[in-house]
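Trainee: Coordinates in run-v9.cif, mmCIF, C-alpha atoms, are listed below.
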data_entry
#
loop_
_atom_site.label_atom_id
_atom_site.label_comp_id
_atom_site.auth_asym_id
_atom_site.auth_seq_id
_atom_site.Cartn_x
_atom_site.Cartn_y
_atom_site.Cartn_z
CA MET C 1 0.00 0.00 0.00
CA PRO C 2 1.96 3.06 -1.19
CA GLY C 3 0.15 5.46 1.12
CA ILE C 4 1.65 3.86 4.22
CA GLU C 5 5.06 2.79 3.00
CA SER C 6 7.98 3.56 5.26
CA ASN C 7 9.74 6.27 3.26
CA ALA C 8 10.64 8.93 5.79
CA VAL C 9 11.39 12.40 4.45
CA GLU C 10 12.47 14.14 7.65
CA PRO C 11 15.62 16.23 7.05
CA THR C 12 18.95 14.81 8.14
CA LYS C 13 21.56 16.70 10.14
CA ASP C 14 23.70 16.99 7.01
CA GLU C 15 20.82 18.59 5.10
CA LEU C 16 20.21 21.15 7.85
CA ARG C 17 23.86 21.99 8.46
CA GLY C 18 24.80 25.40 7.08
CA LEU C 19 21.25 26.45 6.13
CA PRO C 20 20.12 29.97 7.11
CA PRO C 21 17.55 30.04 9.94
CA LEU C 22 14.59 30.78 7.65
CA LYS C 23 15.47 28.01 5.21
CA LYS C 24 16.06 25.62 8.10
CA ALA C 25 12.65 26.49 9.52
CA ALA C 26 11.04 25.98 6.09
CA ARG C 27 12.76 22.59 5.81
CA LEU C 28 11.55 21.54 9.25
CA LEU C 29 7.98 22.80 8.75
CA PRO C 30 6.68 19.67 6.97
CA THR C 31 8.24 17.56 9.74
CA TYR C 32 6.86 19.43 12.74
CA GLY C 33 3.99 21.32 11.11
CA LEU C 34 1.27 19.39 12.93
CA VAL C 35 3.07 19.76 16.24
CA ILE C 36 3.21 23.53 15.71
CA LEU C 37 -0.43 23.53 14.65
CA MET C 38 -1.42 21.61 17.79
CA VAL C 39 0.41 24.08 20.02
CA GLY C 40 -1.16 26.96 18.07
CA LEU C 41 -4.64 25.53 18.57
CA ILE C 42 -4.06 25.11 22.30
CA VAL C 43 -2.85 28.71 22.63
CA THR C 44 -5.67 30.10 20.46
CA PHE C 45 -8.46 28.26 22.28
CA SER C 46 -6.93 29.13 25.64
CA ILE C 47 -7.06 32.83 24.73
CA LEU C 48 -10.55 32.73 23.23
CA LEU C 49 -12.03 30.42 25.87
CA PRO C 50 -10.12 31.32 29.05
CA ASN C 51 -12.83 30.07 31.41
CA THR C 52 -13.36 26.62 29.93
CA PHE C 53 -10.51 25.46 27.71
CA PRO C 54 -7.28 25.92 29.76
CA THR C 55 -8.70 24.11 32.78
CA VAL C 56 -7.89 20.86 34.56
CA LEU C 57 -11.47 19.72 34.00
CA ASN C 58 -11.12 20.12 30.23
CA LEU C 59 -7.74 18.35 30.27
CA ARG C 60 -9.26 15.44 32.16
CA SER C 61 -12.16 15.33 29.71
CA ILE C 62 -9.87 15.26 26.66
CA LEU C 63 -7.58 12.59 28.11
CA SER C 64 -10.49 10.44 29.22
CA ASP C 65 -12.44 10.74 25.98
CA LYS C 66 -9.51 10.22 23.61
CA ALA C 67 -7.52 7.55 25.46
CA ILE C 68 -9.48 4.75 23.78
CA ILE C 69 -9.08 6.35 20.35
CA ALA C 70 -5.35 6.74 21.03
CA LEU C 71 -5.07 3.02 21.84
CA LEU C 72 -6.99 2.10 18.69
CA SER C 73 -4.79 4.43 16.61
CA LEU C 74 -1.68 2.76 18.01
CA ALA C 75 -3.25 -0.63 17.28
CA ALA C 76 -3.94 0.39 13.67
CA MET C 77 -0.47 1.91 13.35
CA ILE C 78 1.43 -1.34 13.96
CA PRO C 79 0.28 -3.20 10.80
CA MET C 80 0.71 0.09 8.89
CA VAL C 81 4.41 0.02 9.76
CA ALA C 82 4.59 -3.23 7.78
CA GLY C 83 2.55 -1.77 4.92
CA ARG C 84 -0.78 -3.36 5.92
CA ILE C 85 -4.02 -2.01 7.31
CA ASP C 86 -6.27 -3.39 10.05
CA LEU C 87 -9.93 -2.35 9.99
CA THR C 88 -10.89 -4.68 12.83
CA VAL C 89 -9.83 -2.01 15.34
CA GLY C 90 -13.22 -0.39 14.82
CA TYR C 91 -15.29 -3.57 14.65
CA GLY C 92 -13.50 -5.63 17.27
CA ILE C 93 -13.99 -3.10 20.04
CA VAL C 94 -17.77 -3.55 19.62
CA LEU C 95 -17.63 -7.26 20.48
CA TRP C 96 -14.84 -7.03 23.06
CA HIS C 97 -16.53 -4.42 25.25
CA ILE C 98 -19.78 -6.41 25.14
CA LEU C 99 -18.03 -9.65 26.12
CA ALA C 100 -16.10 -7.96 28.93
CA ILE C 101 -19.48 -7.20 30.52
CA SER C 102 -21.60 -10.19 29.50
CA LEU C 103 -19.03 -12.75 30.68
CA GLN C 104 -19.45 -11.25 34.15
CA THR C 105 -23.18 -10.51 34.19
CA THR C 106 -24.61 -13.53 32.36
CA MET C 107 -21.96 -16.20 32.97
CA GLY C 108 -20.87 -15.14 36.43
CA LEU C 109 -17.15 -15.14 35.69
CA PRO C 110 -14.80 -13.11 37.92
CA TRP C 111 -13.74 -9.89 36.23
CA PRO C 112 -10.04 -10.88 35.88
CA VAL C 113 -11.10 -14.07 34.08
CA ALA C 114 -13.50 -12.16 31.82
CA VAL C 115 -10.79 -9.64 30.94
CA ALA C 116 -8.27 -12.42 30.26
CA ILE C 117 -10.71 -14.18 27.92
CA VAL C 118 -11.34 -10.96 25.99
CA LEU C 119 -7.61 -10.30 25.63
CA ILE C 120 -7.01 -13.86 24.42
CA LEU C 121 -9.84 -13.62 21.89
CA GLY C 122 -8.49 -10.29 20.64
CA THR C 123 -5.05 -11.83 20.21
CA VAL C 124 -6.44 -14.85 18.36
CA THR C 125 -8.37 -12.52 16.04
CA GLY C 126 -5.16 -10.66 15.28
CA ILE C 127 -3.40 -13.92 14.46
CA LEU C 128 -6.29 -14.91 12.19
CA ASN C 129 -6.01 -11.61 10.35
CA GLY C 130 -2.29 -12.17 9.90
CA ILE C 131 -2.86 -15.67 8.52
CA LEU C 132 -5.51 -14.43 6.09
CA VAL C 133 -3.16 -11.72 4.83
CA GLU C 134 0.14 -13.62 4.77
CA VAL C 135 -0.85 -17.26 4.21
CA ALA C 136 -4.12 -16.94 2.28
CA ARG C 137 -2.71 -13.86 0.48
CA ILE C 138 -5.89 -11.79 0.85
CA ASP C 139 -5.44 -8.03 0.65
CA SER C 140 -5.28 -6.67 4.20
CA PHE C 141 -8.08 -4.16 3.58
CA ILE C 142 -10.44 -6.89 2.37
CA ALA C 143 -9.35 -9.49 4.93
CA THR C 144 -9.76 -7.23 7.96
CA LEU C 145 -12.99 -5.74 6.63
CA GLY C 146 -14.40 -9.27 6.34
CA THR C 147 -13.14 -10.30 9.77
CA GLY C 148 -14.41 -7.08 11.32
CA THR C 149 -17.86 -7.51 9.78
CA ILE C 150 -18.05 -11.04 11.21
CA LEU C 151 -17.09 -9.72 14.66
CA TYR C 152 -19.80 -7.09 14.41
CA ALA C 153 -22.34 -9.73 13.37
CA LEU C 154 -21.34 -11.84 16.37
CA ALA C 155 -21.87 -8.82 18.62
CA LEU C 156 -25.38 -8.34 17.21
CA TRP C 157 -26.14 -12.05 17.62
CA HIS C 158 -24.79 -12.17 21.17
CA THR C 159 -26.78 -9.16 22.34
CA GLY C 160 -29.90 -9.82 20.29
CA GLY C 161 -30.07 -6.06 19.80
CA ARG C 162 -30.35 -5.46 23.55
CA GLN C 163 -28.08 -3.76 26.04
CA MET C 164 -25.93 -5.94 28.27
CA VAL C 165 -26.35 -4.57 31.78
CA GLY C 166 -25.79 -5.81 35.30
CA THR C 167 -23.96 -5.19 38.53
CA LEU C 168 -20.20 -5.17 38.05
CA PRO C 169 -17.51 -5.16 40.75
CA ASP C 170 -15.92 -1.86 41.78
CA ALA C 171 -12.49 -3.23 40.85
CA PHE C 172 -13.63 -3.51 37.23
CA TYR C 173 -14.90 0.07 37.24
CA ALA C 174 -11.56 1.18 38.68
CA ILE C 175 -9.75 -0.02 35.55
CA ASN C 176 -11.00 3.12 33.82
CA GLY C 177 -12.33 5.32 36.59
CA THR C 178 -9.22 5.73 38.76
CA PHE C 179 -7.33 9.04 38.84
CA VAL C 180 -3.56 9.26 39.27
CA PHE C 181 -2.03 12.64 40.10
CA GLY C 182 -5.40 14.16 39.28
CA LEU C 183 -5.48 12.67 35.75
CA PRO C 184 -7.40 9.66 34.35
CA ILE C 185 -5.46 6.43 34.68
CA THR C 186 -6.25 5.68 31.04
CA ALA C 187 -3.84 8.46 30.04
CA PHE C 188 -1.06 6.60 31.83
CA TYR C 189 -2.00 3.35 30.07
CA VAL C 190 -1.58 5.16 26.76
CA LEU C 191 1.73 6.69 27.86
CA VAL C 192 3.21 3.33 28.91
CA ILE C 193 2.08 1.57 25.72
CA THR C 194 3.37 4.47 23.61
CA LEU C 195 6.80 4.31 25.25
CA ILE C 196 7.00 0.54 24.74
CA LEU C 197 6.04 0.77 21.07
CA TRP C 198 8.45 3.67 20.51
CA ILE C 199 11.36 1.72 21.97
CA VAL C 200 10.48 -1.44 20.05
CA LEU C 201 9.94 0.26 16.69
CA ASP C 202 12.80 2.77 16.83
CA TYR C 203 15.50 0.97 18.82
CA THR C 204 15.18 -2.78 18.25
CA PRO C 205 15.78 -5.08 15.27
CA LEU C 206 12.09 -6.00 15.35
CA GLY C 207 11.11 -2.43 14.57
CA ARG C 208 13.69 -2.13 11.81
CA TYR C 209 12.46 -5.36 10.24
CA LEU C 210 8.86 -4.12 10.24
CA TYR C 211 9.85 -0.81 8.65
CA ALA C 212 11.91 -2.68 6.06
CA ILE C 213 8.92 -4.86 5.19
CA GLY C 214 6.70 -1.80 4.88
CA ALA C 215 9.20 0.00 2.65
CA ASN C 216 9.93 -2.89 0.28
CA GLN C 217 8.70 -6.37 1.07
CA ARG C 218 10.66 -8.05 -1.70
CA ALA C 219 13.91 -6.41 -0.62
CA ALA C 220 13.23 -7.45 2.97
CA GLU C 221 12.78 -11.06 1.84
CA LEU C 222 16.03 -10.98 -0.12
CA ASN C 223 17.79 -9.77 3.02
CA GLY C 224 16.57 -12.77 4.96
CA ILE C 225 13.77 -11.12 6.95
CA PRO C 226 10.94 -13.63 7.63
CA ASN C 227 8.12 -11.37 6.47
CA ARG C 228 5.30 -13.74 7.32
CA LYS C 229 6.29 -14.10 10.97
CA PHE C 230 6.69 -10.38 11.57
CA VAL C 231 3.49 -9.35 9.76
CA ILE C 232 1.44 -11.92 11.68
CA GLY C 233 3.07 -10.61 14.86
CA ALA C 234 2.04 -7.07 13.92
CA PHE C 235 -1.59 -8.13 13.50
CA LEU C 236 -1.40 -10.10 16.76
CA THR C 237 -0.29 -6.97 18.63
CA SER C 238 -2.97 -4.90 16.94
CA GLY C 239 -5.64 -7.40 17.99
CA LEU C 240 -4.39 -7.40 21.58
CA LEU C 241 -4.42 -3.60 21.84
CA THR C 242 -7.92 -3.49 20.36
CA ALA C 243 -9.08 -5.91 23.06
CA VAL C 244 -7.44 -3.74 25.73
CA ALA C 245 -9.38 -0.75 24.35
CA GLY C 246 -12.57 -2.84 24.48
CA VAL C 247 -12.05 -3.66 28.15
CA LEU C 248 -11.47 0.02 28.96
CA LEU C 249 -14.59 1.01 27.03
CA ALA C 250 -16.63 -1.57 28.97
CA SER C 251 -15.31 -0.24 32.28
CA LYS C 252 -16.14 3.31 31.20
CA LEU C 253 -19.65 2.73 29.81
CA ARG C 254 -20.69 0.00 32.28
CA ILE C 255 -23.08 -1.34 29.67
CA GLY C 256 -22.53 -3.24 26.44
CA GLN C 257 -24.37 -2.51 23.22
CA ALA C 258 -23.65 -3.23 19.59
CA SER C 259 -24.41 0.34 18.54
CA VAL C 260 -21.29 1.58 20.34
CA GLY C 261 -17.79 1.22 18.94
CA LEU C 262 -17.99 1.67 15.18
CA GLU C 263 -17.75 5.44 15.58
CA PHE C 264 -14.17 4.94 16.79
CA LEU C 265 -12.99 3.48 13.47
CA LEU C 266 -12.60 6.71 11.49
CA PRO C 267 -10.82 8.80 14.16
CA ALA C 268 -8.55 5.84 14.98
CA LEU C 269 -7.52 5.47 11.35
CA VAL C 270 -7.21 9.25 10.95
CA GLY C 271 -4.91 9.39 13.96
CA ALA C 272 -2.74 6.59 12.59
CA PHE C 273 -2.55 8.13 9.11
CA LEU C 274 -1.76 11.54 10.58
CA GLY C 275 1.10 9.81 12.35
CA SER C 276 2.74 9.31 8.97
CA THR C 277 2.66 13.04 8.21
CA THR C 278 4.53 14.45 11.21
CA ILE C 279 7.71 13.85 13.23
CA LYS C 280 8.87 11.43 10.51
CA PRO C 281 6.79 12.36 7.45
CA GLY C 282 6.27 9.48 5.06
CA ARG C 283 6.83 6.90 7.79
CA VAL C 284 4.19 5.72 10.25
CA ASN C 285 5.56 6.44 13.72
CA VAL C 286 4.45 6.28 17.33
CA TRP C 287 4.82 9.91 18.40
CA GLY C 288 3.31 11.14 15.17
CA THR C 289 0.26 8.98 15.87
CA ILE C 290 -0.11 10.48 19.35
CA VAL C 291 0.21 13.99 17.89
CA GLY C 292 -2.43 13.08 15.31
CA VAL C 293 -4.86 11.98 18.01
CA MET C 294 -4.13 15.02 20.17
CA ILE C 295 -4.65 17.53 17.37
CA LEU C 296 -8.04 15.97 16.68
CA ALA C 297 -8.89 16.03 20.39
CA VAL C 298 -7.82 19.65 20.90
CA GLY C 299 -9.47 20.92 17.74
CA ILE C 300 -12.78 19.16 18.33
CA SER C 301 -12.89 20.16 22.01
CA GLY C 302 -12.28 23.82 21.18
CA ILE C 303 -14.81 23.95 18.36
CA GLN C 304 -17.47 22.22 20.44
CA GLN C 305 -16.96 24.71 23.26
CA PHE C 306 -17.69 27.42 20.71
CA GLY C 307 -21.04 25.73 20.17
CA GLY C 308 -20.22 23.50 17.21
CA SER C 309 -22.96 21.06 16.14
CA PHE C 310 -22.87 17.26 16.20
CA TRP C 311 -21.42 17.11 12.67
CA VAL C 312 -18.30 19.07 13.65
CA GLU C 313 -16.28 16.02 14.74
CA PRO C 314 -16.46 14.00 11.49
CA MET C 315 -16.01 17.20 9.46
CA PHE C 316 -12.89 18.13 11.43
CA ASN C 317 -11.51 14.57 11.20
CA GLY C 318 -11.83 14.51 7.42
CA ALA C 319 -10.53 18.02 6.82
CA THR C 320 -7.53 17.51 9.07
CA LEU C 321 -6.65 14.27 7.32
CA LEU C 322 -6.73 15.94 3.89
CA ILE C 323 -4.61 18.90 5.04
CA ALA C 324 -2.05 16.67 6.74
CA ILE C 325 -1.69 14.36 3.75
CA GLY C 326 -1.28 17.43 1.55
CA ILE C 327 1.61 18.64 3.73
CA ALA C 328 3.26 15.23 3.64
CA GLY C 329 2.84 14.99 -0.13
CA TYR C 330 4.42 18.42 -0.55
CA ALA C 331 7.39 17.36 1.56
CA GLN C 332 7.75 14.14 -0.45
CA ARG C 333 7.71 16.01 -3.76
CA ARG C 334 10.28 18.54 -2.56
CA LYS C 335 12.65 15.84 -1.44
CA GLY C 336 12.15 13.93 -4.68
CA ALA C 337 12.90 17.05 -6.72
CA LYS C 338 16.08 17.77 -4.77
CA SER C 339 17.33 14.21 -5.17
CA LYS C 340 17.22 14.41 -8.99
#
Let me see the structure of the file written as structure tokens.
Mentor:
Amino acid sequence: MPGIESNAVEPTKDELRGLPPLKKAARLLPTYGLVILMVGLIVTFSILLPNTFPTVLNLRSILSDKAIIALLSLAAMIPMVAGRIDLTVGYGIVLWHILAISLQTTMGLPWPVAVAIVLILGTVTGILNGILVEVARIDSFIATLGTGTILYALALWHTGGRQMVGTLPDAFYAINGTFVFGLPITAFYVLVITLILWIVLDYTPLGRYLYAIGANQRAAELNGIPNRKFVIGAFLTSGLLTAVAGVLLASKLRIGQASVGLEFLLPALVGAFLGSTTIKPGRVNVWGTIVGVMILAVGISGIQQFGGSFWVEPMFNGATLLIAIGIAGYAQRRKGAKSK
């Protein structure tokens, strides 16, 4: 998939050395443009909405609301590193959050057992996606769309169109509802997972192998990289993170229903794709993904506080994606022109 190949265009130290300040800033703009835009939005909304935006309450709200989307974006990002795409991040969370509740309320399982089962099922689904893509040779978009649709159908069948409700233990609610240093614990989950993925992808052979596969699968094979094993592993990790997000969603909502979850698919994919347009433009990366999610969160929060209607969020998601991809494409063309 050319749109998510690992062809970074961030400037090197040699390219920046000796450039005048203005030219250096212009060269760095495509790399850190979204970061600058995010900071600009925060400053602008803080000035225009001093009583509501720059508050601890608003920070808590943003972190709590977007933590699940951040996890799903990171889940979608991992197969993208290897040049694949995983649509089950939006469908799987529907079934996983329902099961996390129904296994406790209808089957009487202890919450740790219910959570463990959901995580195992999410992992198995990821492995299945990897097998469909790498062994059966089905395009990742089609394979994960099919798998995701089946998961959604299972959620509808399991619930019968009804809400899954019941009394849940306080310890299960605490998974999402606890505050640490005055901030939602879910923000710290995201931080820990982000740091782990960053270290793995940027500083270990595993990460380099995945980027090599995403950049040129044939060349990776010729260099002895076992593509099949690493791609299946990428889908496995994506499935596990999606299940984690499902458990957190269940703890947050306290009810399970098949109508909840699909709305996370677009912002999760937007966040992951935005991650390939900043920090390391042209290459899907962890911190870029987090910036992508945060710029969506900040922008939508500010606009809604101005009284934006219900259609603001999807409009902002789509517009931001187009602008970011335009910036990345401009940077790619400039580098291509200079290399000729």
Trainee: Pull the neighbourhood of (9.8, 13.0, 13.2) for me: all residues within 6 Å in file coordinates, counting only C-alpha atoms, as a PyMOL selection string.
Mentor: chain C and resi 31+278-280
Trainee: Please list as a list in words every residue within 9 Å of Thr320 of chain C, counting only C-alpha atoms and excluding residues in the same chain fewer than 5 positions away.
Mentor: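 The neighbour list is Val270, Leu274, Ile295, Leu296, Met315 and Ile325 of chain C.
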Trainee: Using all atoms listed in the file, which residues sit within 10 Å of segment 181-196 of chain C once same-chain residues fewer than 6 positions away are excluded, as a list in words?
Mentor: Val56, Leu57, Leu59, Arg60, Ser61, Ile62, Leu63, Ser64, Asp65, Lys66, Ala67, Ile68, Ile69, Ala70, Leu71, Leu74, Ala174, Ile175, Leu241, Val244, Ala245, Leu248, Val286, Trp287, Thr289 and Ile290 of chain C
Trainee: Excluding Val35 of chain C and any residue of its chain fewer than 2 positions from it, enumerate the residues within 10 Å of it, using only C-alpha atoms, and give them as a PyMOL selection string.
Mentor: chain C and resi 29-33+37-41+278-279+288+291-292+294-295
Trainee: Can you spell out as a ChimeraX atom specification the set of residues that the PyMOL selection byres ((chain C and resi 102-119) around 12) selects in the structure I just provided?
Mentor: /C:92-101,120-126,155,158-159,162-175,236-251,254-257
Trainee: How many Å separate atom CA of Gly318 of chain C from atom CA of Phe53 of chain C?
Mentor: 23.1 Å
Trainee: Select all residues near (5.1, -0.2, 7.6) (cut-off 8 Å, inclusive, file coordinates), counting all atoms listed in the file, and output them as a list in words.
Mentor: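 Selection result: Ile4, Glu5, Ser6, Ile78, Pro79, Met80, Val81, Ala82, Gly83, Arg84, Leu210, Tyr211, Ala212, Ile213, Gly214, Ala215, Arg283 and Val284 of chain C.
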Trainee: Once the PyMOL selection byres ((chain C and resi 146) around 12) has been evaluated on this model, what residues remain selected, and can you format them as JSON, numbers by chain?
Mentor: {"C": [86, 87, 88, 91, 92, 125, 128, 129, 132, 133, 138, 139, 140, 141, 142, 143, 144, 145, 147, 148, 149, 150, 151, 152, 153]}
Trainee: What does the distance from atom CA of Asn176 of chain C to atom CA of Ser301 of chain C come to in Å, to one decimal?
Mentor: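 Computed distance, atom CA of Asn176 of chain C to atom CA of Ser301 of chain C, equals 20.8 Å.
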Trainee: Tell me, in Å to one decimal, how far atom CA of Gln304 of chain C is from atom CA of Pro267 of chain C.
Mentor: 16.2 Å
Trainee: Expand the PyMOL selection byres ((chain C and resi 45) around 12) into the explicit residue set it covers here, and present it as a list in words.
Mentor: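 So the PyMOL selection byres ((chain C and resi 45) around 12), applied here, picks out Met38, Val39, Gly40, Leu41, Ile42, Val43, Thr44, Ser46, Ile47, Leu48, Leu49, Pro50, Asn51, Thr52, Phe53, Pro54, Thr55, Asn58, Val298, Gly299, Ile300, Ser301, Gly302, Ile303, Gln304, Gln305 and Phe306 of chain C.
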